[in-house]
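Below is the file final_3.tsv, which contains TSV, C-alpha atoms and all ligand atoms.
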chain	number	residue	atom	x	y	z
A	1	MET	CA	0.00	0.00	0.00
A	2	ASP	CA	1.16	3.55	-0.70
A	3	TYR	CA	1.29	5.97	2.21
A	4	THR	CA	2.12	9.66	2.19
A	5	THR	CA	3.13	10.26	5.83
A	6	ILE	CA	4.79	6.98	6.77
A	7	LEU	CA	7.33	4.53	5.34
A	8	VAL	CA	7.11	0.75	5.73
A	9	SER	CA	9.81	-1.83	5.07
A	10	VAL	CA	10.07	-5.53	5.94
A	11	GLN	CA	13.29	-7.51	6.34
A	12	GLU	CA	13.83	-10.90	7.96
A	13	ASN	CA	10.48	-11.02	9.76
A	14	ILE	CA	10.99	-7.50	11.13
A	15	ALA	CA	8.94	-4.58	9.85
A	16	THR	CA	10.12	-1.00	10.29
A	17	LEU	CA	7.48	1.68	10.31
A	18	THR	CA	8.84	5.23	10.06
A	19	ILE	CA	6.71	8.30	10.67
A	20	ASN	CA	7.85	10.56	7.87
A	21	ARG	CA	7.00	14.24	8.40
A	22	PRO	CA	10.45	15.45	9.46
A	23	THR	CA	9.79	19.12	8.70
A	24	LYS	CA	6.95	18.99	11.26
A	25	LEU	CA	9.02	16.87	13.66
A	26	ASN	CA	6.78	13.95	12.72
A	27	ALA	CA	3.75	15.48	14.47
A	28	LEU	CA	0.70	13.23	14.29
A	29	ASN	CA	-1.96	14.72	12.07
A	30	LYS	CA	-5.20	12.99	11.15
A	31	GLU	CA	-3.75	11.43	8.04
A	32	THR	CA	-0.71	10.04	9.88
A	33	ILE	CA	-2.92	8.49	12.55
A	34	THR	CA	-5.13	6.84	9.90
A	35	GLU	CA	-2.12	5.62	7.91
A	36	LEU	CA	-0.46	4.24	11.04
A	37	HIS	CA	-3.65	2.35	11.84
A	38	ASP	CA	-3.82	0.91	8.32
A	39	ALA	CA	-0.13	-0.02	8.34
A	40	PHE	CA	-0.25	-1.68	11.78
A	41	LYS	CA	-3.34	-3.63	10.71
A	42	ALA	CA	-1.68	-4.80	7.49
A	43	LEU	CA	1.52	-5.80	9.31
A	44	GLU	CA	-0.47	-7.70	11.93
A	45	GLN	CA	-2.05	-9.72	9.12
A	46	ASN	CA	1.23	-10.23	7.23
A	47	SER	CA	2.53	-13.68	8.18
A	48	ALA	CA	6.08	-12.71	7.15
A	49	VAL	CA	6.18	-10.14	9.95
A	50	ARG	CA	6.86	-11.16	13.56
A	51	VAL	CA	7.99	-7.89	15.18
A	52	ILE	CA	7.41	-4.22	14.29
A	53	LEU	CA	9.82	-1.36	14.95
A	54	LEU	CA	8.32	2.13	15.12
A	55	THR	CA	10.52	5.19	14.69
A	56	GLY	CA	10.58	8.75	13.39
A	57	SER	CA	12.23	10.15	10.31
A	58	GLY	CA	15.33	12.33	10.72
A	59	GLU	CA	17.65	12.75	13.68
A	60	LYS	CA	15.66	15.26	15.67
A	61	ALA	CA	12.30	13.73	16.55
A	62	PHE	CA	10.46	10.51	17.13
A	63	VAL	CA	7.15	12.42	17.24
A	64	ALA	CA	6.78	15.97	18.66
A	65	GLY	CA	3.13	15.41	19.54
A	66	ALA	CA	-0.29	15.61	18.01
A	67	ASP	CA	-0.42	18.21	15.24
A	68	ILE	CA	-1.39	21.35	17.15
A	69	SER	CA	-2.43	23.20	13.97
A	70	GLU	CA	-5.25	20.70	13.41
A	71	PHE	CA	-7.07	21.12	16.72
A	72	ALA	CA	-6.39	24.78	17.54
A	73	ASN	CA	-10.05	25.74	16.84
A	74	PHE	CA	-11.77	22.64	18.19
A	75	SER	CA	-14.85	22.65	20.46
A	76	SER	CA	-15.11	20.33	23.48
A	77	ASP	CA	-17.14	17.81	21.44
A	78	GLU	CA	-14.53	17.78	18.72
A	79	GLY	CA	-11.79	17.42	21.32
A	80	THR	CA	-13.59	14.49	22.93
A	81	SER	CA	-14.00	12.66	19.64
A	82	LEU	CA	-10.38	13.44	18.64
A	83	ALA	CA	-9.14	11.68	21.78
A	84	ALA	CA	-11.66	8.81	21.62
A	85	HIS	CA	-11.07	8.08	17.93
A	86	GLY	CA	-7.27	8.35	18.23
A	87	GLN	CA	-7.16	6.10	21.27
A	88	GLU	CA	-9.30	3.51	19.53
A	89	ILE	CA	-7.61	3.36	16.14
A	90	LEU	CA	-4.00	3.93	17.15
A	91	PHE	CA	-2.99	3.93	20.81
A	92	ASP	CA	-5.17	1.08	22.12
A	93	PHE	CA	-4.81	-0.63	18.76
A	94	VAL	CA	-1.01	-0.74	19.09
A	95	GLN	CA	-1.14	-1.81	22.73
A	96	ASN	CA	-3.44	-4.71	21.83
A	97	LEU	CA	-1.67	-5.71	18.61
A	98	LYS	CA	-0.95	-9.43	18.31
A	99	LYS	CA	2.67	-8.72	17.39
A	100	PRO	CA	5.23	-6.91	19.55
A	101	VAL	CA	5.91	-3.27	18.70
A	102	ILE	CA	9.23	-1.73	19.73
A	103	ALA	CA	9.43	2.07	19.85
A	104	ALA	CA	12.84	3.30	18.69
A	105	ILE	CA	12.72	6.81	20.18
A	106	ASN	CA	15.23	8.73	18.06
A	107	GLY	CA	14.69	12.26	19.41
A	108	PHE	CA	11.80	14.30	20.83
A	109	ALA	CA	8.89	12.15	22.04
A	110	LEU	CA	6.42	14.72	23.27
A	111	GLY	CA	2.70	14.66	23.96
A	112	GLY	CA	1.07	12.24	21.54
A	113	GLY	CA	4.58	11.09	20.57
A	114	LEU	CA	5.40	9.90	24.06
A	115	GLU	CA	1.87	8.51	24.36
A	116	LEU	CA	2.46	6.51	21.17
A	117	ALA	CA	5.78	5.22	22.48
A	118	MET	CA	4.07	4.25	25.74
A	119	ALA	CA	1.42	2.29	23.83
A	120	CYS	CA	4.22	0.20	22.29
A	121	HIS	CA	5.35	-2.95	24.09
A	122	ILE	CA	9.04	-2.04	24.45
A	123	ARG	CA	10.81	1.35	24.33
A	124	VAL	CA	14.44	2.09	23.46
A	125	ALA	CA	15.74	5.67	23.30
A	126	SER	CA	18.70	7.25	21.57
A	127	ASP	CA	20.99	9.28	23.81
A	128	ASN	CA	19.72	12.59	22.37
A	129	ALA	CA	16.03	11.77	23.03
A	130	LYS	CA	13.88	14.04	25.17
A	131	MET	CA	10.52	12.97	26.51
A	132	GLY	CA	7.60	14.77	28.08
A	133	LEU	CA	3.88	15.46	28.16
A	134	PRO	CA	3.66	19.25	27.57
A	135	GLU	CA	-0.14	19.37	27.08
A	136	LEU	CA	-0.72	21.50	30.18
A	137	THR	CA	1.28	24.32	28.55
A	138	LEU	CA	-1.44	24.37	25.86
A	139	GLY	CA	-4.30	24.43	28.35
A	140	LEU	CA	-5.03	20.74	27.69
A	141	ILE	CA	-4.33	17.46	29.38
A	142	PRO	CA	-2.85	14.41	27.66
A	143	GLY	CA	-5.64	12.81	25.61
A	144	TYR	CA	-4.08	9.76	24.03
A	145	GLY	CA	-3.73	7.68	27.19
A	146	GLY	CA	-0.87	9.62	28.81
A	147	THR	CA	-2.53	10.07	32.20
A	148	GLN	CA	-3.04	6.29	32.37
A	149	ARG	CA	0.05	4.73	30.78
A	150	LEU	CA	2.66	7.07	32.30
A	151	PRO	CA	1.74	6.16	35.92
A	152	GLN	CA	1.63	2.48	34.89
A	153	LEU	CA	5.22	2.74	33.67
A	154	VAL	CA	6.88	5.14	36.11
A	155	GLY	CA	4.55	5.28	39.13
A	156	LYS	CA	1.95	7.83	40.18
A	157	GLY	CA	4.29	10.33	41.84
A	158	ARG	CA	6.69	10.66	38.93
A	159	ALA	CA	3.81	10.78	36.43
A	160	MET	CA	2.16	13.58	38.41
A	161	GLU	CA	5.40	15.56	38.36
A	162	MET	CA	6.03	15.05	34.64
A	163	ILE	CA	2.46	15.92	33.64
A	164	LEU	CA	1.94	18.84	36.06
A	165	THR	CA	5.31	20.48	35.34
A	166	ALA	CA	4.95	19.69	31.60
A	167	GLY	CA	8.73	19.35	31.59
A	168	MET	CA	10.97	17.29	29.33
A	169	ILE	CA	13.31	14.65	30.66
A	170	PRO	CA	16.50	13.44	28.93
A	171	ALA	CA	17.01	9.82	27.89
A	172	ASP	CA	19.19	8.88	30.88
A	173	GLU	CA	16.50	10.03	33.31
A	174	ALA	CA	13.84	8.17	31.33
A	175	LEU	CA	15.98	5.06	31.72
A	176	LYS	CA	16.35	5.62	35.47
A	177	ILE	CA	12.59	5.85	36.02
A	178	GLY	CA	11.70	2.92	33.76
A	179	LEU	CA	10.10	4.94	30.98
A	180	VAL	CA	12.50	3.33	28.48
A	181	ASN	CA	14.29	-0.01	28.72
A	182	HIS	CA	17.61	1.02	27.13
A	183	VAL	CA	19.49	4.11	25.94
A	184	VAL	CA	21.96	3.77	23.07
A	185	PRO	CA	23.94	6.17	20.85
A	186	GLN	CA	21.68	7.45	18.08
A	187	PRO	CA	23.54	5.78	15.15
A	188	GLU	CA	23.10	2.40	16.88
A	189	LEU	CA	19.42	2.77	17.76
A	190	LEU	CA	17.80	0.75	14.97
A	191	THR	CA	20.43	-2.00	15.02
A	192	PHE	CA	20.00	-2.32	18.78
A	193	CYS	CA	16.21	-2.59	18.40
A	194	GLU	CA	16.64	-5.15	15.62
A	195	GLY	CA	18.75	-7.17	18.06
A	196	ILE	CA	15.85	-7.28	20.52
A	197	ALA	CA	13.46	-8.12	17.66
A	198	LEU	CA	15.66	-11.00	16.46
A	199	LYS	CA	15.55	-12.54	19.94
A	200	ILE	CA	11.74	-12.28	19.94
A	201	VAL	CA	11.48	-13.71	16.41
A	202	LYS	CA	13.00	-17.00	17.65
A	203	ASN	CA	10.05	-17.57	19.97
A	204	ALA	CA	6.62	-19.06	19.32
A	205	PRO	CA	4.32	-16.47	17.67
A	206	LEU	CA	1.05	-17.60	19.27
A	207	ALA	CA	2.69	-17.67	22.69
A	208	ILE	CA	4.05	-14.15	22.07
A	209	THR	CA	0.49	-12.94	21.40
A	210	LYS	CA	-0.84	-14.69	24.50
A	211	ALA	CA	1.93	-13.18	26.63
A	212	ILE	CA	1.10	-9.66	25.36
A	213	GLN	CA	-2.60	-10.21	26.08
A	214	SER	CA	-1.96	-11.59	29.57
A	215	ILE	CA	0.40	-8.76	30.53
A	216	ASN	CA	-2.03	-6.16	29.15
A	217	ALA	CA	-4.86	-7.75	31.17
A	218	ASN	CA	-3.09	-6.63	34.35
A	219	PHE	CA	-3.87	-3.05	33.36
A	220	LYS	CA	-7.46	-3.42	32.18
A	221	ASP	CA	-10.44	-2.79	34.41
A	222	GLY	CA	-12.85	-5.69	34.64
A	223	GLU	CA	-10.31	-8.26	33.51
A	224	ASN	CA	-8.70	-10.82	35.77
A	225	GLY	CA	-5.17	-11.15	34.47
A	226	PHE	CA	-4.50	-14.32	36.47
A	227	GLU	CA	-7.54	-16.02	34.87
A	228	ILE	CA	-6.52	-14.85	31.42
A	229	GLU	CA	-3.02	-16.20	32.06
A	230	ILE	CA	-4.40	-19.58	33.18
A	231	ASN	CA	-6.67	-19.88	30.13
A	232	SER	CA	-3.98	-18.73	27.69
A	233	PHE	CA	-1.45	-21.09	29.28
A	234	GLY	CA	-3.91	-23.97	28.87
A	235	ALA	CA	-4.79	-23.05	25.29
A	236	SER	CA	-1.07	-23.09	24.39
A	237	PHE	CA	-1.02	-26.88	24.83
A	238	ASP	CA	-3.25	-27.26	21.75
A	239	THR	CA	-0.83	-25.43	19.44
A	240	LYS	CA	1.61	-27.00	16.99
A	241	ASP	CA	4.19	-24.55	18.29
A	242	PHE	CA	3.97	-26.13	21.75
A	243	LYS	CA	4.53	-29.61	20.28
A	244	GLU	CA	7.45	-28.25	18.23
A	245	GLY	CA	8.97	-26.32	21.15
A	246	THR	CA	8.93	-29.27	23.54
A	247	ALA	CA	10.04	-31.77	20.85
A	248	ALA	CA	12.94	-29.49	19.88
A	249	PHE	CA	14.04	-29.23	23.50
A	250	LEU	CA	13.94	-33.00	24.02
A	251	GLU	CA	15.72	-33.62	20.70
A	252	LYS	CA	18.34	-30.95	21.54
A	253	ARG	CA	17.69	-28.90	18.39
A	254	LYS	CA	16.41	-25.41	17.59
A	255	ALA	CA	12.64	-25.09	17.34
A	256	GLN	CA	11.09	-24.08	14.01
A	257	PHE	CA	7.86	-22.32	14.92
A	258	THR	CA	5.10	-21.80	12.36
A	259	GLY	CA	2.64	-19.83	14.46
A	260	GLU	CA	0.03	-22.60	14.40
A	301	LIG	N1	2.28	20.13	15.98
A	301	LIG	C1	2.41	20.80	14.83
A	301	LIG	N2	3.59	21.23	14.37
A	301	LIG	C2	4.67	20.97	15.12
A	301	LIG	C3	4.61	20.27	16.34
A	301	LIG	C4	3.32	19.84	16.77
A	301	LIG	N3	3.16	19.14	17.90
A	301	LIG	N4	5.85	20.19	16.86
A	301	LIG	C5	6.66	20.80	15.98
A	301	LIG	N5	5.97	21.27	14.93
A	301	LIG	C6	6.46	22.01	13.74
A	301	LIG	C7	6.75	23.47	14.08
A	301	LIG	O1	5.57	24.24	14.03
A	301	LIG	C8	7.73	23.81	12.99
A	301	LIG	O2	7.02	23.99	11.79
A	301	LIG	P1	7.35	25.26	10.83
A	301	LIG	O3	8.79	25.08	10.45
A	301	LIG	O4	6.40	25.12	9.68
A	301	LIG	O5	7.13	26.48	11.66
A	301	LIG	C9	8.52	22.53	12.83
A	301	LIG	O6	7.71	21.49	13.36
A	301	LIG	C10	9.86	22.53	13.57
A	301	LIG	O7	9.60	22.81	14.93
A	301	LIG	P2	10.31	24.00	15.75
A	301	LIG	O8	9.42	24.39	16.88
A	301	LIG	O9	10.72	25.09	14.81
A	301	LIG	O10	11.61	23.25	16.27
A	301	LIG	P3	12.47	23.60	17.57
A	301	LIG	O11	13.70	22.80	17.47
A	301	LIG	O12	12.57	25.07	17.73
A	301	LIG	O13	11.57	23.07	18.81
A	301	LIG	C11	10.17	21.48	19.98
A	301	LIG	C12	11.32	21.70	18.96
A	301	LIG	C13	9.84	20.00	19.97
A	301	LIG	C14	10.63	21.90	21.37
A	301	LIG	C15	8.95	22.34	19.56
A	301	LIG	O14	8.67	22.07	18.18
A	301	LIG	C16	7.69	22.06	20.33
A	301	LIG	O15	7.58	22.48	21.48
A	301	LIG	N6	6.70	21.38	19.72
A	301	LIG	C17	5.41	21.15	20.31
A	301	LIG	C18	5.48	20.09	21.37
A	301	LIG	C19	4.13	19.90	22.01
A	301	LIG	O16	3.59	20.75	22.68
A	301	LIG	N7	3.56	18.69	21.79
A	301	LIG	C20	2.31	18.32	22.38
A	301	LIG	C21	1.19	18.53	21.44
A	301	LIG	S1	-0.34	18.04	22.19

Represent the structure of the file as structure tokens.
Ligand code: COA
Amino acid sequence: MDYTTILVSVQENIATLTINRPTKLNALNKETITELHDAFKALEQNSAVRVILLTGSGEKAFVAGADISEFANFSSDEGTSLAAHGQEILFDFVQNLKKPVIAAINGFALGGGLELAMACHIRVASDNAKMGLPELTLGLIPGYGGTQRLPQLVGKGRAMEMILTAGMIPADEALKIGLVNHVVPQPELLTFCEGIALKIVKNAPLAITKAIQSINANFKDGENGFEIEINSFGASFDTKDFKEGTAAFLEKRKAQFTGE
């Protein structure tokens, strides 16, 4: 499929999705959000893809937020549907994707940009990255899940401070508080993320999906994560991948998983 605001490439079971509006610091406008949804959906259905890397074009920004020029004149109803629609088609969509998404944060991740990174399953930052939720400086609050996912990742106290001060933190501080898993020099960012992806690719695809769903269940109201874990664990025994994984172990060879 042809996109105008994003780039997609696939190599060795790893897809790289690049948000490509560098002159606007990759700010998320309506079109980008729709194209990201379409691309994530297509990659989820593409059996050649096992892991997705998400990054921003250029050396300056991952994503510098939602596109402020698009909502400057919105009413409260329009603001409500902007947040609801965006959360549904992109942020929740990514969090609940069947395949792991790794955010390669290559520069500014602000507002909707940090919220998008937080919806991903794993975050790695380059050493020049800066992260924050500056919405309060605009007279708004975060609307793409930031008030929920930031405290889940870094704790309530730190999330309160980041959101209320609207400040930016550098990559090393993000690492210290658990907002990102690793910090690497910018030229090594994608290779480092590919290294994580290659480790994931070796594992059983259906089990990867079940693990994502079980971990996510811990953060969803009305879901009992322990029950979901028990049921997903049990269901794994019916998969070909389970037979292959255990046979490979007993036969002292590498497993060849098919995702069935
Ligand atoms: N929405 C729309 N456009 C944005 C944007 C956003 N969130 N962030 C950056 N841009 C645009 C700028 O308007 C500018 O466009 P122009 O060249 O047509 O004027 C371009 O990207 C480059 O940004 P600029 O501000 O000139 O770069 P800088 O290096 O001086 O500052 C930032 C970088 C990230 C500090 C600054 O762009 C910024 O504060 N952006 C907004 C962050 C924000 O509030 N995000 C939350 C939105 S809810």

Q | Sel. within 10 Å of pt (5.1, 7.0, 21.5), counting all atoms listed in the file, output as a ChimeraX atom specification | A | /A:54-56,62-65,91,102-105,108-120,123,131,144,146

Using only C-alpha atoms and all ligand atoms, find each residue with an atom at most 9 Å away from ligand LIG 301 (chain A) and format the answer as an mmCIF file with C-alpha atoms, in the coordinates of the input.
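Printed below is selection_27.cif as written:
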data_model
loop_
_atom_site.group_PDB
_atom_site.id
_atom_site.type_symbol
_atom_site.label_atom_id
_atom_site.label_comp_id
_atom_site.auth_asym_id
_atom_site.auth_seq_id
_atom_site.Cartn_x
_atom_site.Cartn_y
_atom_site.Cartn_z
ATOM 1 C CA ARG A 21 7.000 14.240 8.400
ATOM 2 C CA PRO A 22 10.450 15.450 9.460
ATOM 3 C CA THR A 23 9.790 19.120 8.700
ATOM 4 C CA LYS A 24 6.950 18.990 11.260
ATOM 5 C CA LEU A 25 9.020 16.870 13.660
ATOM 6 C CA ASN A 26 6.780 13.950 12.720
ATOM 7 C CA ALA A 27 3.750 15.480 14.470
ATOM 8 C CA LEU A 28 0.700 13.230 14.290
ATOM 9 C CA ASN A 29 -1.960 14.720 12.070
ATOM 10 C CA LYS A 60 15.660 15.260 15.670
ATOM 11 C CA ALA A 61 12.300 13.730 16.550
ATOM 12 C CA VAL A 63 7.150 12.420 17.240
ATOM 13 C CA ALA A 64 6.780 15.970 18.660
ATOM 14 C CA GLY A 65 3.130 15.410 19.540
ATOM 15 C CA ALA A 66 -0.290 15.610 18.010
ATOM 16 C CA ASP A 67 -0.420 18.210 15.240
ATOM 17 C CA ILE A 68 -1.390 21.350 17.150
ATOM 18 C CA SER A 69 -2.430 23.200 13.970
ATOM 19 C CA GLU A 70 -5.250 20.700 13.410
ATOM 20 C CA PHE A 108 11.800 14.300 20.830
ATOM 21 C CA ALA A 109 8.890 12.150 22.040
ATOM 22 C CA LEU A 110 6.420 14.720 23.270
ATOM 23 C CA GLY A 111 2.700 14.660 23.960
ATOM 24 C CA GLY A 112 1.070 12.240 21.540
ATOM 25 C CA GLY A 113 4.580 11.090 20.570
ATOM 26 C CA LYS A 130 13.880 14.040 25.170
ATOM 27 C CA GLY A 132 7.600 14.770 28.080
ATOM 28 C CA LEU A 133 3.880 15.460 28.160
ATOM 29 C CA PRO A 134 3.660 19.250 27.570
ATOM 30 C CA GLU A 135 -0.140 19.370 27.080
ATOM 31 C CA LEU A 136 -0.720 21.500 30.180
ATOM 32 C CA THR A 137 1.280 24.320 28.550
ATOM 33 C CA LEU A 138 -1.440 24.370 25.860
ATOM 34 C CA LEU A 140 -5.030 20.740 27.690
ATOM 35 C CA ILE A 141 -4.330 17.460 29.380
ATOM 36 C CA PRO A 142 -2.850 14.410 27.660
ATOM 37 C CA GLY A 143 -5.640 12.810 25.610
#

Q | Point-to-point distance in Å for CA of Phe40 in chain A and CA of Val8 in chain A | A | 9.8 Å

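Counting all atoms listed in the file and comparing A:Ala129, A:Ile230, A:Met162, A:Val201, the residue that lies closest to Ala255 in chain A is A:Val201.
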
**Q.** Residues within 10 Å of (16.7, -4.7, 16.7), counting only C-alpha atoms, listed as an NGL selection string
**A.** :A and (14 or 16 or 51-53 or 102 or 104 or 124 or 188-200)

Q) Quick one: residues within 10 Å of Ala48 in chain A, all atoms listed in the file counted, chain neighbours fewer than 2 positions away excluded, as a list in words? A) Val10, Gln11, Glu12, Asn13, Ile14, Ala15, Leu43, Glu44, Gln45, Asn46, Arg50 and Val51 of chain A

With C-alpha atoms retained, could you export that selection as a tab-separated table (two decimals), in the coordinates of the input?
chain	number	residue	atom	x	y	z
A	10	VAL	CA	10.07	-5.53	5.94
A	11	GLN	CA	13.29	-7.51	6.34
A	12	GLU	CA	13.83	-10.90	7.96
A	13	ASN	CA	10.48	-11.02	9.76
A	14	ILE	CA	10.99	-7.50	11.13
A	15	ALA	CA	8.94	-4.58	9.85
A	43	LEU	CA	1.52	-5.80	9.31
A	44	GLU	CA	-0.47	-7.70	11.93
A	45	GLN	CA	-2.05	-9.72	9.12
A	46	ASN	CA	1.23	-10.23	7.23
A	50	ARG	CA	6.86	-11.16	13.56
A	51	VAL	CA	7.99	-7.89	15.18

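From CA of Ser47 in chain A back to CA of Val180 in chain A, the distance works out to 28.3 Å.
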
Q: Give me the residues within 8 Å of Gln87 in chain A as a PyMOL selection string, counting only C-alpha atoms and dropping any in the same chain fewer than 5 places off.
A: chain A and resi 92-93+144-145

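Near Gly178 in chain A, within 9 Å and counting all atoms listed in the file, sit A:Leu153, A:Val154, A:Glu173, A:Ala174, A:Leu175, A:Asn181; same-chain residues fewer than 3 positions away were not included.
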
Q) Lys240 in chain A: which residues within 9 Å, counting all atoms listed in the file, same-chain residues fewer than 4 positions away excluded, as a ChimeraX atom specification? A) /A:236,244-245,257-260

**Q.** Residue nearest Ile212 in chain A - candidates A:Glu31, A:His85, A:Pro170, A:Gly225, atoms counted: all atoms listed in the file
**A.** A:Gly225

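Among A:Leu97, A:Ile228, A:Ala83, A:Val49, the residue with the shortest atom-to-atom distance to Ser214 in chain A, counting only C-alpha atoms, is A:Ile228.
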
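Among the candidates A:Ala248, A:Pro205, A:Leu164, A:Lys156, the residue lying nearest to Gly139 in chain A is A:Leu164 (atoms considered: all atoms listed in the file).
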
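What separates CA of Gly58 in chain A from CA of Pro187 in chain A is a distance of 11.4 Å.
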